Amino acid sequence: MAAFVCSTCGVQQAPADRPPPICPICTDERQWVPVTGQAWTTMDELLAGGHRIELRELEPGLVGVGCTPRFGIGQRALLVSTPEGNVLWDCVSLIDDATVAAVAELGGIRAVTCSHPHFHGAMVEWASAFGAELLVPEADLEWVQRPDPAVRTWADRLEIVPGLTLVQCGGHFDGSAVLHWAGGADGRGALLVGDTATVTPDRNLSFMRSYPNLIPLPPRTVGEIAGILLSLDFDRVYGGWWDRVVDRGGREAVRRSAERYERWARS
């Protein structure tokens with residue numbers, strides 16, 4: 001049996017003799033199925049086609065994990081290192097022996113967790129490779145495409161290890177979350193947001209129900225998300241893709257972005 005991977009969103013399914021007829025994540029209004037129809041691949045096919053994992057140090061204690069060439073949605077994950085254990089935030093669709101060895105040298109992984117289901121990727125494979133627990137918001141458990149005993153649910157807030165706290169925000173998905181890293185940005189604090197509040201090219205943030213299909217969130221929901229984020233201490237914001245970073249002034253970027261969204265909604 002093979003663990004098929006959706007070619008559009010990059011999320012791995014439970015092992016089966018044949019691919020599923022549809023990807024439930026892509027048939028949802030927040031994602032899409034190509035006009036050419038549902039397509040599947042496998043991790044072995046990705047490796048045979050030349051895909052590999054790229055690791056980049058982004059700052060002390062933080063390593064970006066991406067798939068090259070780009071695959072699926074094209075997000076990159078983030079590996080946060082702490083003395084009490086490392087956490088993989090968001091996930092990609094690929095893992096190989098070389099990556100396992102490299103991450104093991106960095107201290108391995110204690111927990112794997114994601115901002116939302118579009119970034120689940122091959123999270124079960126990553127958790128299994130390091131004997132890590134797999135933290136999934138209770139509100140998004142239905143979106144897990146490959147159930148596994150490593151899955152542990154949580155809600156509202158969860159301190160994974162000292163200085164690393166999951167915070168549920170909702171919006172994009174009911175369980176959409178951010179990871180607050182108190183020690184990031186030289187101790188000024190960093191916020192890892194994935195697509196819960198995506199970092200835009202002008203180094204602001206956007207809050208959407210569907211990014212590809214341009215479905216906005218209600219202004220009230222945006223205000224609630226911004227309020228949750230502003231309750232945290234941080235200066236830097238890491239989005240879900242390479243180079244989508246608000247290096248300084250992250251709190252002001254959240255405030256400014258929520259205010260401009262409200263102005264737009266009222267116009």
# chains A, B, ... in the order shown; residues from 1 in each chain; ligands from 1
>>> residues_around(residues="range 69-78 of chain A", least_positions_apart="6", cutoff="8 Å", atoms="only C-alpha atoms", output="MDAnalysis selection string")
chainID A and resid 6:10 50:52 62:63 88:93 119 240:242
>>> select_by_dssp(residues="range 7-216 of chain A", states="strand (DSSP E or B)", output="VMD selection string")
chain A and resid 12 16 40 to 41 52 to 59 62 to 68 76 to 80 87 to 89 111 to 113 133 to 137 151 to 154 157 to 161 164 to 168 177 to 181 190 to 194 198 to 199 205 to 206 208 to 210 215 to 216
>>> residues_around(residues="range 217-224 of chain A", least_positions_apart="4", cutoff="10 Å", atoms="only C-alpha atoms", output="PyMOL selection string")
chain A and resi 169-172+197+206-210+228-230+255+257-259+261-266
>>> write_last_selection(atoms="C-alpha atoms", output="compact mmCIF listing (two decimals), in the first residue's frame")
# COMPACT_ATOMS: atom_id res chain seq x y z
CA CYS A 169 -7.16 32.06 16.75
CA GLY A 170 -9.80 30.61 14.41
CA GLY A 171 -10.76 32.41 11.23
CA HIS A 172 -9.20 30.60 8.28
CA ALA A 197 -2.66 35.72 9.46
CA SER A 206 -3.99 39.47 5.65
CA PHE A 207 -6.86 37.58 7.27
CA MET A 208 -8.95 35.43 4.89
CA ARG A 209 -11.27 32.46 4.93
CA SER A 210 -9.87 31.42 1.55
CA ILE A 228 -5.58 37.54 20.31
CA LEU A 229 -2.31 38.26 18.52
CA LEU A 230 -1.86 41.62 20.27
CA ARG A 255 -2.59 46.55 14.40
CA SER A 257 -3.37 45.46 9.06
CA ALA A 258 -6.52 45.00 11.15
CA GLU A 259 -7.28 48.72 10.91
CA TYR A 261 -9.11 45.77 6.81
CA GLU A 262 -11.78 47.51 8.86
CA ARG A 263 -11.51 50.64 6.68
CA TRP A 264 -11.91 48.52 3.56
CA ALA A 265 -14.91 46.68 5.00
CA ARG A 266 -16.64 49.98 5.76
>>> select_by_dssp(residues="range 51-247 of chain A", states="helix (DSSP H, G or I)", output="PyMOL selection string")
chain A and resi 97-105+117-119+123-130+138-143+219-230
>>> atom_distance(atom1="CA of Val161 in chain A", atom2="CA of Ala104 in chain A")
18.3 Å
>>> atom_distance(atom1="CA of Gly249 in chain A", atom2="CA of Pro137 in chain A")
28.4 Å
